[in-house]
Amino acid sequence: MIKTFITSFKLKNTYRTNSIIYSIKQFPIIKKILPDSLYKNSGLKIFANIISILSEIIGIFIGKIIYILTMIFMALSWYHTNQADTFIHIFTFLTLAGGVLNTYMLNPTKDKYYAIILMNMNAREYGLSNYYYQLIKLVVGFLPFTILFGMIAGVPLWIQIALPIFVLAVKLIVMNYSIYDFKKTNKASNENLPTKFVWGFVAVCLLLSYGLPAINITINVTVFLVVFIISLILGIYSLIKIHTFTDYRKMYKQILTASNVYMAENNAGTQAMKDISLKQIELDKNYTSNKSGFAYFHDLFVKRHSKILTKAVKKQSVIILIIFTAMIIGIEVNEELKNRTNEILMKYLPYFVFIMYCINRSSSVTQAMFMNCDHSMLTYRIYRTPKVILGIFKERLKTLITINLMPATLIGLGLAVLLYLSGGTDKPLNYMVLFVSIIAMSIFFSVHYLVMYYLLQPYNVNTELRSSTYKTVQGITYLVCWFMIQIQLPTLYFGIATIAFCVVYSLISLYLAYKYATKTFKLRV
Amino acid sequence: MKLVVKNLKKNFGKKEVLKDINFEFEKGKIYGLLGRNGAGKTTFFNCLNEDIEINSGEFYIEDNDTKRKMEAEDVGYVLSTPNVPEFLTGREFLKFFIDINKKRIKEEKTIDEYFDFMKIEKEDRDRLLKDYSHGMKNKMQMLVNIIANPNVLLLDEPLTSFDVVVAEEMKQMLREIKKNHIIIFSTHIMELALDLCDEIVILNKGVLEEIDKSNLNNEQFKNKIIDALKEEG
Ligand SMILES: Nc1ncnc2c1ncn2[C@@H]1O[C@H](COP(=O)(O)OP(=O)(O)OP(=O)(O)O)[C@@H](O)[C@H]1O
Ligand SMILES: [Mg+2]
């Protein structure tokens with residue numbers, strides 16, 4: 001088993017290293033400087049190797065510290081209960097929720113797919129050895145932070161040490177149950193598609209972990225001790241069961257289908273991604289378009305993809321309406337909420353950059369545009385003529401902006417109404433700025449994604465995402481939007497600045513798209 | 001009209017796939033392009049279709065002794081893997097193509113006539129292309145390229161996925177339209193090449209050479225081709 005593990009570890013390291021080198025090479029400037037024989041270059045290989053191993057080590061800790069810090073430690077200040085008990089309380093219930101959501105073993109990762117399906121490695125040995133490795137990483141990763149934050153919160157030392165072991169036991173119990181279930185039903189569950197029951201359980205756990213302390217109830221050390229001992233016994237029993245189970249191959253064959261793996265890794269490439277995109281197409285027999293040429297072509301694209309376009313924004317709009325209605329009722333009955341809302345609207349407009357980022361459909365729509373349309377059409381020369389490229393670009397721009405404006409308008413109006421109802425403002429211009437800046441953000445994201453798609457066209461013939469520049473731009477977009485959450489600025493100034501930025505950015509990028517898209521919009525090699 | 005290729009070079013990194021291609025393809029002929037797996041046939045087509053940048057050299061159309069650039073409308077390219085927009089029905093795809101090629105189409109037929117011609121069943125015409133079979137998608141790809149009536153038609157192993165009846169008719173059709181076109185046709189099927197093509201061209205070691213049939217009989221000619229293909233690169 002150790003041999004299998006070492007082989008699999010080496011395998012993982014090799015393709016990680018290669019993909020690191022590959023990504024480095026994808027930056028246009030570096031591509032020119034570095035020779036093509038790069039894969040053989042030993043200096044770079046060592047460098048990539050170091051990064052790969054470093055990221056493995058950092059990966060052990062980084063997730064755990066963020067988890068304990070944001071999900072547990074920062075939440076402590078909300079409650080008036082005993083800090084140590086609250087810490088143990090939240091940790092315990094979140095562990096239960098996490099236990100059913102993430103077992104490691106049943107997660108259809110690319111690593112497992114390569115090793116078990118493509119390379120035909122021994123499924124039991126591979127599965128178990130990597131499972132144990134993950135569990136060790138789990139305990140090692142948690143321990144420093146349960147000790148550190150536990151100490152600050154005043155948790156007794158033995159519990160600081162017991163907490164990671166408790167997580168371990170819960171994972172084992174859940175895994176054992178999955179195996180038991182598999183033996184009984186012959187159906188392996190893909191943990192990335194949790195059942196309604198699982199979701200229900202998670203919801204209850206979340207409610208208990210954050211809800212109970214709010215009404216001054218938490219578990220205490222004694223309760224934890226009982227829970228801990230029970231889970232320890234069950235955990236050991238589960239470990240034996242898991243270790244002696246033999247039918248891993250059969251189980252993995254079910255879980256590790258190409259599309260499962262794609263969903264888990266969410267990275268481009270493979271036929272699976274294409275398959276998923278194709279599933280978005282729906283045929284409504286009654287609809288015919290009376291346009292012609294590329295307007296016709298695009299019109300049908302929109303109709304056939306209503307699942308991710310019109311229907312999706314309609315759903316969003318309904319949810320937005322519900323939230324605003326609830327908010328309006330809330331501020332009518334609760335004076336404190338009313339004041340808070342007013343304050344938020346006057347200071348936290350940057351937050352809405354992130355919200356607008358999250359609800360904008362453009363990123364997934366441009367992906368469908370490629371997978372279901374441009375991927376095949378770009379091989380036709382006539383489709384790459386400037387007239388057609390720009391013609392379709394214009395149609396798409398119109399659609400994306402209109403589609404995204406629907407929820408945006410609701411949010412813009414809703415915010416203005418909330419501002420009015422929550423006590424208003426002494427500068428009436430604020431209403432205007434609130435509404436217009438939300439609209440501007442929405443247009444900005446639509447333009448941004450479409451122009452990036454046209455200028456960088458990141459995919460190749462095999463539908464693999466091949467552009468590091470594109471990935472970087474996406475990453476930066478995310479980071480900037482996320483960063484906005486932390487900022488507080490007067491709505492008036494931030495709003496006006498945002499509007500100005502969005503207008504300027506959109507104009508410039510549209511100009512660039514018109515100028516260069518005819519050259520840049522083609523399949524990558 | 002001629003398609004002239006001069007000193008065309010294409011590398012992928014250090015690998016020289018097309019080293020020095022020099023050739024004149026003439027109107028009215030079907031050229032059979034043969035080559036081992038990985039010889040660079042698809043790459044050659046991709047270059048002519050400007051899907052990829054060439055490293056050096058040029059290609060152009062020569063019409064009555066005047067040189068001109070090969071424009072988008074000049075080329076039709078049928079890939080070996082079918083490429084059709086999956087969200088359209090067969091009928092809509094044809095309509096779109098007819099729309100954007102209006103100016104070039106000489107004798108416009110109705111869409112159903114085109115379908116009849118390609119032997120696509122009535123009940124399939126209004127289905128989404130994503131539900132078409134591999135061969136049916138290929139037919140559609142072939143059809144729209146023929147409708148657009150380009151001067152140069154590049155066919156990358158096109159007949160392989162057609163059933164025998166359609167393949168026969170395709171061959172017949174290519175013979176019919178060849179007088180107005182330059183047709184380059186890559187295939188691994190020797191019999192097809194010998195039967196359909198007027199000239200046999202071999203891509204080997206990155207260069208293109210014509211195999212002269214002159215006074216050989218079919219069997220001798222075949223052996224000569226195989227010998228040429230066998231030469232190690
Ligand atoms: N995008 C690319 N990057 C790097 N190398 C490539 C690329 N495309 C093709 N090649 C290489 O160029 C060579 C020629 O490939 P090509 O697909 O043109 O061959 P082919 O003659 O069409 O082969 P087949 O008969 O198998 O279809 C191969 O060695 C291939 O590995
Ligand atoms: Mg090929």
# chains A, B, ... in the order shown; residues from 1 in each chain; ligands from 1

call {"tool": "residues_around", "arguments": {"residues": "Val139 of chain A", "least_positions_apart": "5", "cutoff": "9 Å", "atoms": "only C-alpha atoms", "output": "list of chain:residue names"}}
result
A:Gln134, A:Pro164, A:Ile165, A:Val167, A:Leu168

call {"tool": "residues_around", "arguments": {"residues": "Leu11 of chain A", "least_positions_apart": "3", "cutoff": "12 Å", "atoms": "only C-alpha atoms", "output": "PyMOL selection string"}}
result
chain A and resi 4-8+14-18+110-116+119+121+126

call {"tool": "write_last_selection", "arguments": {"atoms": "N, CA and C atoms", "output": "JSON list (two decimals), in the first residue's frame"}}
result
[["chain", "number", "residue", "atom", "x", "y", "z"],
["A", 4, "THR", "N", 2.01, 1.95, -3.50],
["A", 4, "THR", "CA", 0.96, 2.59, -4.28],
["A", 4, "THR", "C", 0.86, 4.07, -3.97],
["A", 5, "PHE", "N", 0.97, 4.35, -2.66],
["A", 5, "PHE", "CA", 0.86, 5.75, -2.27],
["A", 5, "PHE", "C", 1.99, 6.59, -2.86],
["A", 6, "ILE", "N", 3.19, 6.04, -2.78],
["A", 6, "ILE", "CA", 4.33, 6.80, -3.30],
["A", 6, "ILE", "C", 4.18, 7.02, -4.80],
["A", 7, "THR", "N", 3.78, 5.96, -5.51],
["A", 7, "THR", "CA", 3.56, 6.12, -6.94],
["A", 7, "THR", "C", 2.53, 7.21, -7.20],
["A", 8, "SER", "N", 1.44, 7.16, -6.46],
["A", 8, "SER", "CA", 0.38, 8.12, -6.74],
["A", 8, "SER", "C", 0.82, 9.53, -6.39],
["A", 14, "THR", "N", 4.07, 15.07, -10.58],
["A", 14, "THR", "CA", 4.51, 15.27, -11.95],
["A", 14, "THR", "C", 3.53, 16.13, -12.73],
["A", 15, "TYR", "N", 2.25, 15.79, -12.68],
["A", 15, "TYR", "CA", 1.38, 16.62, -13.53],
["A", 15, "TYR", "C", 1.09, 17.97, -12.93],
["A", 16, "ARG", "N", 1.23, 18.07, -11.62],
["A", 16, "ARG", "CA", 1.16, 19.41, -11.04],
["A", 16, "ARG", "C", 2.31, 20.26, -11.53],
["A", 17, "THR", "N", 3.51, 19.67, -11.47],
["A", 17, "THR", "CA", 4.69, 20.40, -11.93],
["A", 17, "THR", "C", 4.52, 20.82, -13.38],
["A", 18, "ASN", "N", 4.08, 19.86, -14.20],
["A", 18, "ASN", "CA", 3.90, 20.20, -15.60],
["A", 18, "ASN", "C", 2.87, 21.29, -15.81],
["A", 110, "LYS", "N", -9.68, 14.81, -9.96],
["A", 110, "LYS", "CA", -8.92, 14.47, -11.16],
["A", 110, "LYS", "C", -7.82, 13.46, -10.79],
["A", 111, "ASP", "N", -7.20, 13.68, -9.63],
["A", 111, "ASP", "CA", -6.15, 12.76, -9.20],
["A", 111, "ASP", "C", -6.63, 11.32, -9.19],
["A", 112, "LYS", "N", -7.78, 11.12, -8.57],
["A", 112, "LYS", "CA", -8.32, 9.76, -8.49],
["A", 112, "LYS", "C", -8.66, 9.25, -9.88],
["A", 113, "TYR", "N", -9.22, 10.13, -10.68],
["A", 113, "TYR", "CA", -9.63, 9.72, -12.03],
["A", 113, "TYR", "C", -8.42, 9.24, -12.83],
["A", 114, "TYR", "N", -7.35, 10.02, -12.81],
["A", 114, "TYR", "CA", -6.14, 9.62, -13.52],
["A", 114, "TYR", "C", -5.64, 8.28, -13.01],
["A", 115, "ALA", "N", -5.50, 8.20, -11.68],
["A", 115, "ALA", "CA", -4.84, 7.03, -11.12],
["A", 115, "ALA", "C", -5.70, 5.77, -11.28],
["A", 116, "ILE", "N", -6.96, 5.86, -10.90],
["A", 116, "ILE", "CA", -7.76, 4.64, -10.84],
["A", 116, "ILE", "C", -8.35, 4.28, -12.20],
["A", 119, "MET", "N", -5.00, 5.08, -15.22],
["A", 119, "MET", "CA", -3.78, 4.31, -15.06],
["A", 119, "MET", "C", -4.02, 2.95, -14.44],
["A", 121, "MET", "N", -4.68, 1.90, -11.48],
["A", 121, "MET", "CA", -4.00, 1.52, -10.24],
["A", 121, "MET", "C", -4.97, 0.78, -9.32],
["A", 126, "TYR", "N", -5.01, 2.57, -3.56],
["A", 126, "TYR", "CA", -4.94, 3.99, -3.86],
["A", 126, "TYR", "C", -5.89, 4.78, -2.96]]

call {"tool": "interface_residues", "arguments": {"of": "chain A", "to": "chain B", "cutoff": "9 Å", "atoms": "only C-alpha atoms", "output": "VMD selection string"}}
result
chain A and resid 35 to 37 278 281 to 283 285 292 to 294 296 to 297 300 to 301 304 to 305 372 to 385 388 522 to 525

call {"tool": "residues_near_ligand", "arguments": {"ligand": "ligand 2", "cutoff": "12 Å", "atoms": "only C-alpha atoms and all ligand atoms", "output": "PyMOL selection string"}}
result
chain B and resi 33-46+78-81+155-158+185-188+203

call {"tool": "residues_around", "arguments": {"residues": "Thr520 of chain A", "least_positions_apart": "5", "cutoff": "10 Å", "atoms": "only C-alpha atoms", "output": "list of chain:residue names"}}
result
A:Tyr453, A:Tyr454, A:Leu455, A:Leu456, A:Gln457, A:Pro458, A:Ala513, A:Lys515

call {"tool": "write_last_selection", "arguments": {"atoms": "C-alpha atoms", "output": "short mmCIF file (atom, residue, chain, number, x, y, z; two decimals), in the first residue's frame"}}
result
data_model
loop_
_atom_site.label_atom_id
_atom_site.label_comp_id
_atom_site.auth_asym_id
_atom_site.auth_seq_id
_atom_site.Cartn_x
_atom_site.Cartn_y
_atom_site.Cartn_z
CA TYR A 453 -13.79 36.77 -24.15
CA TYR A 454 -13.40 38.41 -27.53
CA LEU A 455 -9.97 39.85 -26.94
CA LEU A 456 -8.42 36.84 -25.25
CA GLN A 457 -10.53 33.99 -26.63
CA PRO A 458 -9.06 31.59 -24.11
CA ALA A 513 -12.94 45.10 -28.96
CA LYS A 515 -10.46 47.44 -33.11
#

call {"tool": "closest_residue", "arguments": {"among": "A:Lys196, A:Ile233, A:Lys279, A:Asn342", "to": "Asp131 of chain B", "atoms": "only C-alpha atoms"}}
result
A:Lys279

call {"tool": "closest_residue", "arguments": {"among": "B:Leu18, B:Leu159, B:Leu48, B:Ile225", "to": "ligand 1", "atoms": "only C-alpha atoms and all ligand atoms"}}
result
B:Leu18

call {"tool": "atom_distance", "arguments": {"atom1": "atom CA of Asn151 of chain B", "atom2": "atom CA of Ser56 of chain B"}}
result
23.6 Å

call {"tool": "closest_residue", "arguments": {"among": "B:Thr66, B:Asn138, B:Asn204, B:Thr110", "to": "ligand 1", "atoms": "only C-alpha atoms and all ligand atoms"}}
result
B:Asn204

call {"tool": "select_by_dssp", "arguments": {"residues": "segment 46-186 of chain B", "states": "strand (DSSP E)", "output": "ChimeraX atom specification"}}
result
/B:56-63,66-68,75-78,152-156,182-186

call {"tool": "write_last_selection", "arguments": {"atoms": "N, CA and C atoms", "output": "short mmCIF file (atom, residue, chain, number, x, y, z; two decimals), in the first residue's frame"}}
result
data_model
loop_
_atom_site.label_atom_id
_atom_site.label_comp_id
_atom_site.auth_asym_id
_atom_site.auth_seq_id
_atom_site.Cartn_x
_atom_site.Cartn_y
_atom_site.Cartn_z
N SER B 56 6.63 30.91 -42.29
CA SER B 56 7.10 31.71 -43.42
C SER B 56 6.50 31.14 -44.69
N GLY B 57 6.74 31.84 -45.79
CA GLY B 57 6.17 31.41 -47.06
C GLY B 57 4.87 32.13 -47.35
N GLU B 58 4.23 31.74 -48.41
CA GLU B 58 2.97 32.41 -48.77
C GLU B 58 2.09 31.48 -49.58
N PHE B 59 0.84 31.84 -49.66
CA PHE B 59 -0.05 31.15 -50.61
C PHE B 59 -1.06 32.17 -51.10
N TYR B 60 -1.44 32.02 -52.34
CA TYR B 60 -2.35 33.00 -52.93
C TYR B 60 -3.09 32.37 -54.10
N ILE B 61 -4.08 33.11 -54.56
CA ILE B 61 -4.84 32.66 -55.73
C ILE B 61 -4.29 33.37 -56.95
N GLU B 62 -4.09 32.63 -58.01
CA GLU B 62 -3.64 33.26 -59.23
C GLU B 62 -4.74 33.10 -60.28
N ASP B 63 -5.26 34.24 -60.70
CA ASP B 63 -6.38 34.23 -61.63
C ASP B 63 -5.97 35.00 -62.87
N THR B 66 -3.06 37.17 -62.49
CA THR B 66 -2.98 38.18 -61.43
C THR B 66 -3.04 37.49 -60.08
N LYS B 67 -2.14 37.93 -59.22
CA LYS B 67 -2.09 37.37 -57.87
C LYS B 67 -3.10 38.07 -56.99
N ARG B 68 -3.78 37.31 -56.14
CA ARG B 68 -4.55 37.98 -55.10
C ARG B 68 -4.59 37.11 -53.85
N VAL B 75 -12.41 29.98 -49.38
CA VAL B 75 -12.13 28.66 -48.79
C VAL B 75 -13.34 28.03 -48.12
N GLY B 76 -13.51 26.75 -48.37
CA GLY B 76 -14.43 25.94 -47.60
C GLY B 76 -13.61 24.82 -47.00
N TYR B 77 -13.85 24.52 -45.74
CA TYR B 77 -13.00 23.53 -45.07
C TYR B 77 -13.90 22.57 -44.31
N VAL B 78 -13.86 21.32 -44.69
CA VAL B 78 -14.64 20.32 -43.97
C VAL B 78 -13.69 19.52 -43.10
N VAL B 152 -11.90 27.20 -53.32
CA VAL B 152 -11.03 26.12 -52.85
C VAL B 152 -11.79 25.32 -51.79
N LEU B 153 -11.84 24.02 -51.98
CA LEU B 153 -12.55 23.18 -51.03
C LEU B 153 -11.53 22.23 -50.40
N LEU B 154 -11.37 22.35 -49.09
CA LEU B 154 -10.43 21.49 -48.37
C LEU B 154 -11.23 20.43 -47.63
N LEU B 155 -10.94 19.18 -47.91
CA LEU B 155 -11.70 18.12 -47.27
C LEU B 155 -10.74 17.21 -46.50
N ASP B 156 -10.90 17.17 -45.18
CA ASP B 156 -10.01 16.36 -44.35
C ASP B 156 -10.73 15.05 -44.01
N ILE B 182 -11.17 24.13 -56.91
CA ILE B 182 -9.94 23.40 -56.60
C ILE B 182 -10.28 22.56 -55.38
N ILE B 183 -10.18 21.26 -55.52
CA ILE B 183 -10.56 20.40 -54.40
C ILE B 183 -9.33 19.64 -53.90
N ILE B 184 -9.04 19.79 -52.63
CA ILE B 184 -7.95 19.01 -52.03
C ILE B 184 -8.57 18.11 -50.96
N PHE B 185 -8.18 16.87 -51.03
CA PHE B 185 -8.94 15.84 -50.37
C PHE B 185 -7.95 14.93 -49.65
N SER B 186 -7.96 14.96 -48.31
CA SER B 186 -7.02 14.06 -47.63
C SER B 186 -7.72 12.78 -47.25
#

call {"tool": "closest_residue", "arguments": {"among": "A:Ala517, A:Ile215, A:Val100, A:Val155", "to": "Ile389 of chain A", "atoms": "only C-alpha atoms"}}
result
A:Ala517

call {"tool": "closest_residue", "arguments": {"among": "B:Lys139, B:Lys119, B:Asn215, B:Leu208", "to": "ligand 1", "atoms": "only C-alpha atoms and all ligand atoms"}}
result
B:Leu208
